[in-house]
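Colleague: Pasting final38.csv below, which is CSV, C-alpha atoms.
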chain,number,residue,atom,x,y,z
A,18,MET,CA,27.4,98.3,14.4
A,19,THR,CA,25.1,95.3,14.5
A,20,GLN,CA,25.0,92.1,12.5
A,21,VAL,CA,21.8,91.8,10.6
A,22,CYS,CA,20.2,88.4,10.8
A,23,GLY,CA,16.5,87.3,11.1
A,24,ASN,CA,14.0,88.0,13.9
A,25,SER,CA,12.3,85.1,15.5
A,26,LYS,CA,9.7,83.5,13.2
A,27,ILE,CA,11.0,85.5,10.2
A,28,ALA,CA,12.8,82.8,8.3
A,29,GLY,CA,15.4,83.7,5.7
A,30,CYS,CA,18.0,82.4,3.3
A,31,SER,CA,21.1,84.0,1.7
A,32,PHE,CA,21.9,81.8,-1.3
A,33,SER,CA,23.8,81.6,-4.5
A,34,VAL,CA,23.4,79.5,-7.6
A,35,HIS,CA,26.5,78.9,-9.7
A,36,PRO,CA,26.0,77.6,-13.2
A,37,MET,CA,29.5,76.5,-14.4
A,38,CYS,CA,29.2,77.8,-18.0
A,39,ASN,CA,30.0,80.8,-20.1
A,40,ASP,CA,26.4,82.2,-20.1
A,41,PHE,CA,26.0,82.0,-16.3
A,42,GLN,CA,24.6,85.5,-16.1
A,43,ASP,CA,21.6,84.8,-18.4
A,44,MET,CA,21.0,81.5,-16.8
A,45,ILE,CA,20.9,83.0,-13.3
A,46,MET,CA,18.6,85.8,-14.4
A,47,THR,CA,16.3,83.4,-16.2
A,48,SER,CA,16.1,81.1,-13.2
A,49,LEU,CA,15.2,84.1,-10.9
A,50,GLN,CA,12.6,85.3,-13.4
A,51,GLN,CA,11.0,81.8,-13.8
A,52,THR,CA,10.5,81.7,-10.0
A,53,ASP,CA,7.4,83.1,-8.4
A,54,THR,CA,8.8,85.3,-5.6
A,55,SER,CA,5.6,87.1,-4.8
A,56,LYS,CA,5.4,85.8,-1.2
A,57,VAL,CA,9.0,86.6,-0.1
A,58,TRP,CA,11.1,89.7,0.3
A,59,MET,CA,14.0,89.3,-2.1
A,60,LYS,CA,17.2,91.1,-2.9
A,61,THR,CA,20.1,90.1,-5.1
A,62,ASP,CA,23.6,91.6,-5.0
A,63,HIS,CA,26.7,90.2,-6.7
A,64,VAL,CA,27.5,87.8,-3.9
A,65,THR,CA,24.2,86.3,-2.9
A,66,THR,CA,20.4,86.5,-3.2
A,67,THR,CA,18.5,87.0,0.1
A,68,VAL,CA,14.9,85.9,0.6
A,69,ARG,CA,12.9,86.5,3.8
A,70,GLY,CA,9.4,85.5,4.8
A,71,ARG,CA,7.5,82.5,6.0
A,72,LEU,CA,9.7,79.4,6.3
A,73,GLU,CA,7.8,77.4,3.7
A,74,HIS,CA,8.2,80.2,1.1
A,75,VAL,CA,11.9,80.7,1.8
A,76,PHE,CA,12.5,77.0,1.1
A,77,ASP,CA,10.1,77.0,-1.9
A,78,VAL,CA,11.9,79.9,-3.6
A,79,ALA,CA,15.4,78.7,-2.9
A,80,LYS,CA,14.6,75.3,-4.4
A,81,ALA,CA,12.8,76.7,-7.4
A,82,VAL,CA,15.7,79.0,-8.4
A,83,PHE,CA,18.2,76.1,-8.3
A,84,HIS,CA,15.8,73.7,-9.9
A,85,HIS,CA,15.3,76.0,-12.9
A,86,THR,CA,19.1,76.1,-13.4
A,87,ALA,CA,19.8,72.4,-12.7
A,88,VAL,CA,17.2,71.0,-15.1
A,89,THR,CA,19.0,72.7,-18.1
A,90,GLY,CA,21.6,70.0,-17.6
A,91,VAL,CA,24.5,72.4,-16.8
A,92,HIS,CA,26.8,71.6,-13.9
A,93,ALA,CA,25.5,73.9,-11.2
A,94,ALA,CA,26.1,74.4,-7.5
A,95,PHE,CA,23.8,75.9,-4.8
A,96,GLN,CA,25.1,77.4,-1.6
A,97,GLY,CA,22.6,78.6,1.0
A,98,THR,CA,22.5,79.7,4.6
A,99,PHE,CA,19.0,79.3,6.2
A,100,SER,CA,18.4,81.2,9.4
A,101,ILE,CA,15.6,81.8,11.9
A,102,GLY,CA,15.6,83.6,15.2
A,103,CYS,CA,18.8,85.7,15.1
A,104,PRO,CA,18.6,88.2,18.1
A,105,GLY,CA,20.5,90.9,16.2
A,106,ASP,CA,18.0,91.5,13.5
A,107,PRO,CA,15.9,94.4,12.2
A,108,THR,CA,12.1,93.7,11.9
A,109,GLY,CA,12.0,94.9,8.3
A,110,ASP,CA,11.8,93.0,5.1
A,111,VAL,CA,9.1,90.8,6.4
A,112,TYR,CA,6.4,89.0,4.4
A,113,LEU,CA,4.8,87.1,7.3
A,114,ASP,CA,1.2,88.0,6.3
A,115,GLU,CA,1.2,85.8,3.2
A,116,THR,CA,-0.8,82.6,3.1
A,117,SER,CA,1.0,79.4,3.5
A,118,ASN,CA,0.4,77.7,0.1
A,119,VAL,CA,3.6,77.7,-1.9
A,120,MET,CA,3.9,79.3,-5.3
A,121,ASN,CA,6.4,77.1,-7.2
A,122,ARG,CA,4.7,73.7,-7.1
A,123,ASN,CA,5.2,73.5,-10.9
A,124,THR,CA,8.8,72.4,-10.4
A,125,ALA,CA,7.6,69.2,-8.7
A,126,ALA,CA,6.9,67.4,-12.0
A,127,VAL,CA,10.6,67.4,-13.0
A,128,LYS,CA,13.0,65.3,-10.9
A,129,GLN,CA,16.6,66.2,-10.6
A,130,ALA,CA,19.3,64.1,-8.9
A,131,VAL,CA,21.6,66.1,-6.6
A,132,THR,CA,24.2,65.6,-3.9
A,133,ALA,CA,24.2,67.9,-0.9
A,134,LYS,CA,26.2,68.6,2.2
A,135,PHE,CA,24.3,70.1,5.1
A,136,SER,CA,25.3,71.4,8.5
A,137,LEU,CA,22.9,72.4,11.3
A,138,TYR,CA,23.9,75.0,13.9
A,139,PRO,CA,21.5,75.5,16.8
A,140,LEU,CA,23.1,78.6,18.6
A,141,GLY,CA,23.1,79.8,22.1
A,142,GLY,CA,22.7,76.5,24.0
A,143,GLY,CA,24.8,73.7,25.3
A,144,LYS,CA,22.9,70.7,24.0
A,145,TYR,CA,23.3,71.5,20.3
A,146,MET,CA,25.2,68.3,19.4
A,147,GLU,CA,22.3,66.1,20.5
A,148,THR,CA,20.0,68.1,18.3
A,149,ILE,CA,22.4,67.8,15.4
A,150,TYR,CA,22.6,64.0,15.8
A,151,GLU,CA,18.9,63.7,16.1
A,152,LYS,CA,18.3,65.7,12.9
A,153,ILE,CA,20.8,63.7,10.9
A,154,GLU,CA,18.8,60.6,12.0
A,155,ARG,CA,15.6,62.3,10.9
A,156,MET,CA,17.1,62.8,7.4
A,157,ARG,CA,17.6,59.0,7.2
A,158,GLU,CA,14.1,58.3,8.5
A,159,GLN,CA,12.8,60.4,5.6
A,160,GLY,CA,14.4,58.0,3.1
A,161,ILE,CA,17.3,60.2,2.1
A,162,SER,CA,20.7,58.6,1.6
A,163,VAL,CA,22.9,59.9,4.4
A,164,THR,CA,26.7,59.5,4.8
A,165,PRO,CA,29.1,61.3,7.2
A,166,ALA,CA,31.6,63.9,5.9
A,167,HIS,CA,33.9,66.3,7.7
A,168,TYR,CA,32.1,69.4,8.9
A,169,SER,CA,28.8,68.3,7.3
A,170,THR,CA,26.6,65.4,6.4
A,171,ARG,CA,26.3,64.2,2.8
A,172,LEU,CA,22.8,63.6,1.3
A,173,GLU,CA,22.0,62.1,-2.0
A,174,GLY,CA,18.6,62.0,-3.8
A,175,ASP,CA,16.1,63.9,-5.8
A,176,ILE,CA,16.1,67.7,-5.3
A,177,HIS,CA,12.5,67.7,-4.0
A,178,ASP,CA,13.1,65.0,-1.4
A,179,ILE,CA,16.3,66.7,-0.2
A,180,PHE,CA,14.7,70.2,0.1
A,181,HIS,CA,11.7,68.6,1.8
A,182,GLY,CA,14.0,66.8,4.3
A,183,LEU,CA,16.0,70.0,4.9
A,184,GLU,CA,12.9,72.1,5.5
A,185,ASN,CA,11.5,69.5,8.0
A,186,VAL,CA,14.7,69.3,10.1
A,187,PHE,CA,15.1,73.1,10.1
A,188,LYS,CA,11.4,73.5,11.1
A,189,GLU,CA,11.6,70.8,13.8
A,190,THR,CA,14.8,72.3,15.3
A,191,GLU,CA,13.1,75.6,15.7
A,192,ALA,CA,9.9,74.1,17.0
A,193,GLY,CA,12.0,72.0,19.4
A,194,GLY,CA,13.1,75.1,21.3
A,195,SER,CA,16.2,76.3,19.5
A,196,SER,CA,16.0,80.1,19.8
A,197,HIS,CA,18.4,80.8,16.9
A,198,THR,CA,19.0,78.2,14.2
A,199,VAL,CA,21.3,78.3,11.2
A,200,MET,CA,21.6,75.6,8.5
A,201,THR,CA,24.1,75.7,5.7
A,202,VAL,CA,23.6,73.7,2.5
A,203,SER,CA,25.9,73.0,-0.5
A,204,ILE,CA,24.3,71.2,-3.4
A,205,SER,CA,25.8,69.9,-6.6
A,206,ALA,CA,23.8,68.9,-9.7
A,207,ASN,CA,25.1,67.4,-13.0
A,208,SER,CA,28.7,67.1,-11.8
A,209,PRO,CA,31.0,65.5,-14.3
A,210,SER,CA,33.2,64.2,-11.5
A,211,LYS,CA,30.2,62.5,-10.0
A,212,LYS,CA,29.8,60.6,-13.3
A,213,GLU,CA,33.5,59.6,-13.0
A,214,GLU,CA,33.0,58.4,-9.4
A,215,GLU,CA,30.2,56.2,-10.5
A,216,GLU,CA,31.8,54.7,-13.6
B,13,MET,CA,25.5,57.7,13.4
B,14,THR,CA,27.7,60.6,14.3
B,15,GLN,CA,28.4,63.8,12.5
B,16,VAL,CA,32.0,64.2,11.6
B,17,CYS,CA,33.6,67.6,12.4
B,18,GLY,CA,36.9,68.7,13.7
B,19,ASN,CA,38.6,67.8,17.0
B,20,SER,CA,39.9,70.6,19.1
B,21,LYS,CA,43.0,72.2,17.7
B,22,ILE,CA,42.6,70.4,14.4
B,23,ALA,CA,41.3,73.2,12.1
B,24,GLY,CA,39.6,72.4,8.9
B,25,CYS,CA,37.7,73.8,5.9
B,26,SER,CA,35.2,72.3,3.5
B,27,PHE,CA,35.2,74.5,0.5
B,28,SER,CA,34.3,74.8,-3.2
B,29,VAL,CA,35.6,77.0,-5.9
B,30,HIS,CA,33.1,77.7,-8.8
B,31,PRO,CA,34.6,79.2,-12.0
B,32,MET,CA,31.6,80.3,-14.1
B,33,CYS,CA,32.9,79.2,-17.5
B,34,ASN,CA,32.7,76.2,-19.8
B,35,ASP,CA,36.1,74.8,-18.9
B,36,PHE,CA,35.5,74.9,-15.1
B,37,GLN,CA,36.8,71.4,-14.7
B,38,ASP,CA,40.3,72.1,-16.0
B,39,MET,CA,40.4,75.4,-14.1
B,40,ILE,CA,39.5,73.7,-10.8
B,41,MET,CA,42.1,70.9,-11.4
B,42,THR,CA,44.8,73.4,-12.4
B,43,SER,CA,44.1,75.6,-9.3
B,44,LEU,CA,44.4,72.6,-7.0
B,45,GLN,CA,47.6,71.4,-8.7
B,46,GLN,CA,49.2,74.9,-8.5
B,47,THR,CA,48.6,74.9,-4.7
B,48,ASP,CA,51.2,73.4,-2.3
B,49,THR,CA,49.0,71.2,-0.2
B,50,SER,CA,51.9,69.3,1.5
B,51,LYS,CA,51.1,70.5,5.0
B,52,VAL,CA,47.4,69.6,5.0
B,53,TRP,CA,45.2,66.5,4.7
B,54,MET,CA,43.1,67.0,1.6
B,55,LYS,CA,40.2,65.2,-0.1
B,56,THR,CA,38.1,66.4,-3.0
B,57,ASP,CA,34.7,64.9,-3.9
B,58,HIS,CA,32.2,66.3,-6.3
B,59,VAL,CA,30.6,68.7,-3.8
B,60,THR,CA,33.5,70.2,-1.9
B,61,THR,CA,37.2,69.9,-1.1
B,62,THR,CA,38.1,69.3,2.5
B,63,VAL,CA,41.4,70.3,4.1
B,64,ARG,CA,42.5,69.6,7.7
B,65,GLY,CA,45.6,70.6,9.7
B,66,ARG,CA,47.0,73.6,11.5
B,67,LEU,CA,44.9,76.6,11.2
B,68,GLU,CA,47.4,78.7,9.3
B,69,HIS,CA,47.8,76.0,6.6
B,70,VAL,CA,44.0,75.5,6.2
B,71,PHE,CA,43.6,79.2,5.5
B,72,ASP,CA,46.7,79.3,3.3
B,73,VAL,CA,45.5,76.4,1.1
B,74,ALA,CA,41.9,77.6,0.8
B,75,LYS,CA,43.1,81.1,-0.3
B,76,ALA,CA,45.7,79.8,-2.7
B,77,VAL,CA,43.2,77.6,-4.6
B,78,PHE,CA,40.7,80.4,-5.0
B,79,HIS,CA,43.5,82.9,-5.9
B,80,HIS,CA,44.8,80.7,-8.7
B,81,THR,CA,41.3,80.6,-10.2
B,82,ALA,CA,40.4,84.3,-9.6
B,83,VAL,CA,43.6,85.8,-11.2
B,84,THR,CA,42.7,84.2,-14.5
B,85,GLY,CA,40.0,86.9,-14.7
B,86,VAL,CA,37.0,84.5,-14.9
B,87,HIS,CA,34.0,85.2,-12.7
B,88,ALA,CA,34.5,82.8,-9.7
B,89,ALA,CA,32.9,82.1,-6.4
B,90,PHE,CA,34.4,80.6,-3.3
B,91,GLN,CA,32.3,79.0,-0.6
B,92,GLY,CA,33.9,77.7,2.6
B,93,THR,CA,33.0,76.4,6.0
B,94,PHE,CA,35.9,76.7,8.5
B,95,SER,CA,35.6,74.7,11.7
B,96,ILE,CA,37.6,74.0,14.9
B,97,GLY,CA,36.7,72.1,18.0
B,98,CYS,CA,33.7,70.0,17.0
B,99,PRO,CA,33.1,67.5,19.8
B,100,GLY,CA,31.8,64.8,17.4
B,101,ASP,CA,35.0,64.3,15.4
B,102,PRO,CA,37.3,61.5,14.6
B,103,THR,CA,41.0,62.1,15.4
B,104,GLY,CA,42.1,61.0,12.0
B,105,ASP,CA,43.2,63.0,9.0
B,106,VAL,CA,45.4,65.2,11.1
B,107,TYR,CA,48.6,67.1,10.0
B,108,LEU,CA,49.3,68.9,13.2
B,109,ASP,CA,53.1,68.0,13.3
B,110,GLU,CA,53.9,70.3,10.4
B,111,THR,CA,55.9,73.5,11.0
B,112,SER,CA,54.0,76.7,10.9
B,113,ASN,CA,55.5,78.5,7.9
B,114,VAL,CA,52.9,78.6,5.1
B,115,MET,CA,53.7,77.1,1.7
B,116,ASN,CA,51.8,79.4,-0.7
B,117,ARG,CA,53.4,82.8,-0.1
B,118,ASN,CA,53.9,83.1,-3.8
B,119,THR,CA,50.3,84.2,-4.3
B,120,ALA,CA,50.9,87.3,-2.3
B,121,ALA,CA,52.5,89.2,-5.2
B,122,VAL,CA,49.3,89.3,-7.1
B,123,LYS,CA,46.4,91.3,-5.7
B,124,GLN,CA,42.8,90.4,-6.5
B,125,ALA,CA,39.7,92.5,-5.5
B,126,VAL,CA,37.0,90.4,-4.0
B,127,THR,CA,33.7,90.9,-2.2
B,128,ALA,CA,32.9,88.5,0.7
B,129,LYS,CA,30.1,87.6,3.1
B,130,PHE,CA,31.1,86.0,6.3
B,131,SER,CA,29.2,84.6,9.3
B,132,LEU,CA,30.8,83.5,12.6
B,133,TYR,CA,29.1,80.8,14.7
B,134,PRO,CA,30.6,80.2,18.2
B,135,LEU,CA,28.6,77.1,19.3
B,136,GLY,CA,27.6,75.8,22.7
B,137,GLY,CA,27.5,79.0,24.7
B,138,GLY,CA,25.0,81.8,25.5
B,139,LYS,CA,27.2,84.8,24.9
B,140,TYR,CA,27.9,84.1,21.2
B,141,MET,CA,26.3,87.3,19.9
B,142,GLU,CA,28.8,89.5,21.8
B,143,THR,CA,31.6,87.5,20.3
B,144,ILE,CA,30.1,88.0,16.8
B,145,TYR,CA,29.7,91.8,17.2
B,146,GLU,CA,33.3,92.0,18.6
B,147,LYS,CA,34.7,90.1,15.7
B,148,ILE,CA,32.9,92.2,13.1
B,149,GLU,CA,34.4,95.3,14.8
B,150,ARG,CA,37.8,93.6,14.6
B,151,MET,CA,37.4,93.2,10.8
B,152,ARG,CA,36.9,97.0,10.6
B,153,GLU,CA,39.9,97.6,12.8
B,154,GLN,CA,42.0,95.6,10.3
B,155,GLY,CA,41.1,98.1,7.6
B,156,ILE,CA,38.6,96.0,5.8
B,157,SER,CA,35.5,97.6,4.3
B,158,VAL,CA,32.6,96.2,6.4
B,159,THR,CA,28.8,96.6,5.7
B,160,PRO,CA,25.9,94.8,7.3
B,161,ALA,CA,23.9,92.2,5.4
B,162,HIS,CA,21.1,89.8,6.3
B,163,TYR,CA,22.6,86.6,7.9
B,164,SER,CA,26.2,87.7,7.3
B,165,THR,CA,28.6,90.7,7.2
B,166,ARG,CA,29.8,92.0,3.8
B,167,LEU,CA,33.5,92.6,3.3
B,168,GLU,CA,35.3,94.3,0.4
B,169,GLY,CA,39.0,94.5,-0.4
B,170,ASP,CA,42.0,92.5,-1.6
B,171,ILE,CA,41.9,88.7,-1.3
B,172,HIS,CA,45.0,88.7,0.9
B,173,ASP,CA,43.6,91.3,3.4
B,174,ILE,CA,40.2,89.6,3.5
B,175,PHE,CA,41.7,86.1,4.2
B,176,HIS,CA,44.1,87.6,6.7
B,177,GLY,CA,41.2,89.3,8.5
B,178,LEU,CA,39.1,86.1,8.5
B,179,GLU,CA,42.0,84.0,9.8
B,180,ASN,CA,42.6,86.5,12.6
B,181,VAL,CA,39.0,86.6,13.8
B,182,PHE,CA,38.6,82.8,13.6
B,183,LYS,CA,41.8,82.3,15.6
B,184,GLU,CA,40.9,85.0,18.2
B,185,THR,CA,37.4,83.4,18.6
B,186,GLU,CA,38.9,80.1,19.4
B,187,ALA,CA,41.7,81.6,21.6
B,188,GLY,CA,39.0,83.6,23.4
B,189,GLY,CA,37.4,80.5,24.8
B,190,SER,CA,34.9,79.3,22.2
B,191,SER,CA,35.1,75.5,22.4
B,192,HIS,CA,33.6,74.9,18.9
B,193,THR,CA,33.8,77.6,16.3
B,194,VAL,CA,32.4,77.6,12.8
B,195,MET,CA,32.8,80.4,10.2
B,196,THR,CA,31.2,80.4,6.8
B,197,VAL,CA,32.5,82.6,3.9
B,198,SER,CA,31.1,83.3,0.4
B,199,ILE,CA,33.5,85.2,-1.9
B,200,SER,CA,32.9,86.6,-5.3
B,201,ALA,CA,35.7,87.7,-7.8
B,202,ASN,CA,35.4,89.4,-11.2
B,203,SER,CA,31.6,89.6,-11.0
B,204,PRO,CA,30.0,91.3,-14.0
B,205,SER,CA,27.2,92.5,-11.9
B,206,LYS,CA,29.7,94.2,-9.5
B,207,LYS,CA,30.9,96.2,-12.5
B,208,GLU,CA,27.3,97.2,-13.3
B,209,GLU,CA,26.7,98.2,-9.6
B,210,GLU,CA,29.7,100.5,-9.8
B,211,GLU,CA,29.0,102.1,-13.2
Give the structure from this file in structure tokens form.
Modeller:
Amino acid sequence: MTQVCGNSKIAGCSFSVHPMCNDFQDMIMTSLQQTDTSKVWMKTDHVTTTVRGRLEHVFDVAKAVFHHTAVTGVHAAFQGTFSIGCPGDPTGDVYLDETSNVMNRNTAAVKQAVTAKFSLYPLGGGKYMETIYEKIERMREQGISVTPAHYSTRLEGDIHDIFHGLENVFKETEAGGSSHTVMTVSISANSPSKKEEEE
Amino acid sequence: MTQVCGNSKIAGCSFSVHPMCNDFQDMIMTSLQQTDTSKVWMKTDHVTTTVRGRLEHVFDVAKAVFHHTAVTGVHAAFQGTFSIGCPGDPTGDVYLDETSNVMNRNTAAVKQAVTAKFSLYPLGGGKYMETIYEKIERMREQGISVTPAHYSTRLEGDIHDIFHGLENVFKETEAGGSSHTVMTVSISANSPSKKEEEE
């Protein structure tokens, strides 16, 4: 029995999009269909959708699926676990030969305010807390609103800026020598309780 | 700027419950109100609810909130990050003086089938993969249906058995010497696509 994760350089994400409305099923299917997934391996089961491939396509596809749901105005949540370098992984389900230009640039024209909580887990080494603090600071340097929270760091801004920031810190953690990196992200869009907080 | 996590022995969970229906807001509020949270520190913002305290109460409260939503029959998702031992934490928001008997035993009478994906992250040490494999095997020994998935391990069974199994492996990882342990869990109840998979 082995846990199945992601081989070094094969990035991946297991994510869910939760539209809080009665026609959630149509909305999820439509958002998946509107997304160009030609450069990733993808499989959806009833808990999560998993994508694997080059890091830039994994972030591009995860963002696009959530963006398509969020811009309808429905209250929606995104939950994703990004991973690279897991030692226990099969080498299958790989799309590393694709070129690097991303396929869902069309979403960039429509902004969408979101609030996120992210946690970074560089595994296998003793200096992981330093890396975490450094990457939280990197988020701030990228112009993203950063506030501390228990078990995560809270980010506020436009969906494109947030995903861009997350992709950068994930990539930089891996490039900085972390052999196995996991990052979890919870994102909320169009929350009615956010409006109440602001009023 | 420090990331805020959980001091050693203070367990905690940052979680969300997502009922996929139009009256999600009432349903979440009702589920929180139906839960006895007197033995944990709790705070809800528009992304997650955070509970902190003794490990057994953290699991008890997280399960009870999701249970109250799931037993209505609505399709609902739970997403939680459990944490213990984060070196970067404040000592506040602690309810460690409470007695150990859990407050939400009333949920035990009602079974609820769920499918979960869990990932265990013992941080700061090099032998973390051995711990992960061992704890996946422990899930199986507890009678839970276990299948591999990318970036996680899939569990199927009754909500009480699944949460009991998760609490045991989390507790055993910490007791086994892991100084900082994180476990993420995604759970789905009443999924229409699960019914389609089975038909």
Colleague: What are the residues of chain A that have an atom within 6 Å of an atom of chain B, counting all atoms listed in the file, as a list in words?
Modeller: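 For chain A, the answer reads Gln20, Val21, Cys22, Met37, Cys38, Asn39, His63, Val64, Leu140, Gly141, Gly142, Gly143, Pro165, Ala166, His167, Tyr168, Ser205, Ser210 and Lys211 of chain A.
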Colleague: Put those residues in a file: C-alpha atoms, as an mmCIF file, keeping the file's coordinate frame.
Modeller:
data_model
loop_
_atom_site.group_PDB
_atom_site.id
_atom_site.type_symbol
_atom_site.label_atom_id
_atom_site.label_comp_id
_atom_site.auth_asym_id
_atom_site.auth_seq_id
_atom_site.Cartn_x
_atom_site.Cartn_y
_atom_site.Cartn_z
ATOM 1 C CA GLN A 20 25.000 92.100 12.500
ATOM 2 C CA VAL A 21 21.800 91.800 10.600
ATOM 3 C CA CYS A 22 20.200 88.400 10.800
ATOM 4 C CA MET A 37 29.500 76.500 -14.400
ATOM 5 C CA CYS A 38 29.200 77.800 -18.000
ATOM 6 C CA ASN A 39 30.000 80.800 -20.100
ATOM 7 C CA HIS A 63 26.700 90.200 -6.700
ATOM 8 C CA VAL A 64 27.500 87.800 -3.900
ATOM 9 C CA LEU A 140 23.100 78.600 18.600
ATOM 10 C CA GLY A 141 23.100 79.800 22.100
ATOM 11 C CA GLY A 142 22.700 76.500 24.000
ATOM 12 C CA GLY A 143 24.800 73.700 25.300
ATOM 13 C CA PRO A 165 29.100 61.300 7.200
ATOM 14 C CA ALA A 166 31.600 63.900 5.900
ATOM 15 C CA HIS A 167 33.900 66.300 7.700
ATOM 16 C CA TYR A 168 32.100 69.400 8.900
ATOM 17 C CA SER A 205 25.800 69.900 -6.600
ATOM 18 C CA SER A 210 33.200 64.200 -11.500
ATOM 19 C CA LYS A 211 30.200 62.500 -10.000
#
Colleague: When you draw a straight line from CA of Ser112 in chain B to CA of Gly97 in chain B, how long is it in Å?
Modeller: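 CA of Gly97 in chain B lies at a distance of 19.3 Å from CA of Ser112 in chain B.
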Colleague: In Å to one decimal, how far is CA of Asn180 in chain B from CA of Ser50 in chain B?
Modeller: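 Pair CA of Ser50 in chain B / CA of Asn180 in chain B returns 22.5 Å.
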Colleague: Name all residues at most 10 Å from Val88 in chain A (count all atoms listed in the file; drop same-chain ones fewer than 6 positions away) and give them as a ChimeraX atom specification.
Modeller: /A:124,127-130,206-207
Colleague: For CA of His192 in chain B and CA of Leu167 in chain B, quote the distance in Å rounded to one decimal.
Modeller: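 Separation of CA of His192 in chain B and CA of Leu167 in chain B: 23.6 Å.
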Colleague: Pick out the closest residue to Val75 in chain A from this set: A:Glu173, A:Asp53, A:Asp178, A:Glu158. Count only C-alpha atoms.
Modeller: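 Nearest candidate to Val75 in chain A out of A:Glu173, A:Asp53, A:Asp178, A:Glu158: A:Asp53.
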Colleague: Which of these, A:Ala126, A:Val78, A:Leu137, A:Leu49, has the shortest distance to Ser195 in chain A once you count all atoms listed in the file?
Modeller: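 Using all atoms listed in the file, Ser195 in chain A sits closest to A:Leu137.
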Colleague: Taking only C-alpha atoms into account, name the residue in A:Val111, A:Met120, A:Leu72, A:Ala125 that is nearest to Val186 in chain A.
Modeller: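 Ranked by minimum distance to Val186 in chain A, first place goes to A:Leu72.
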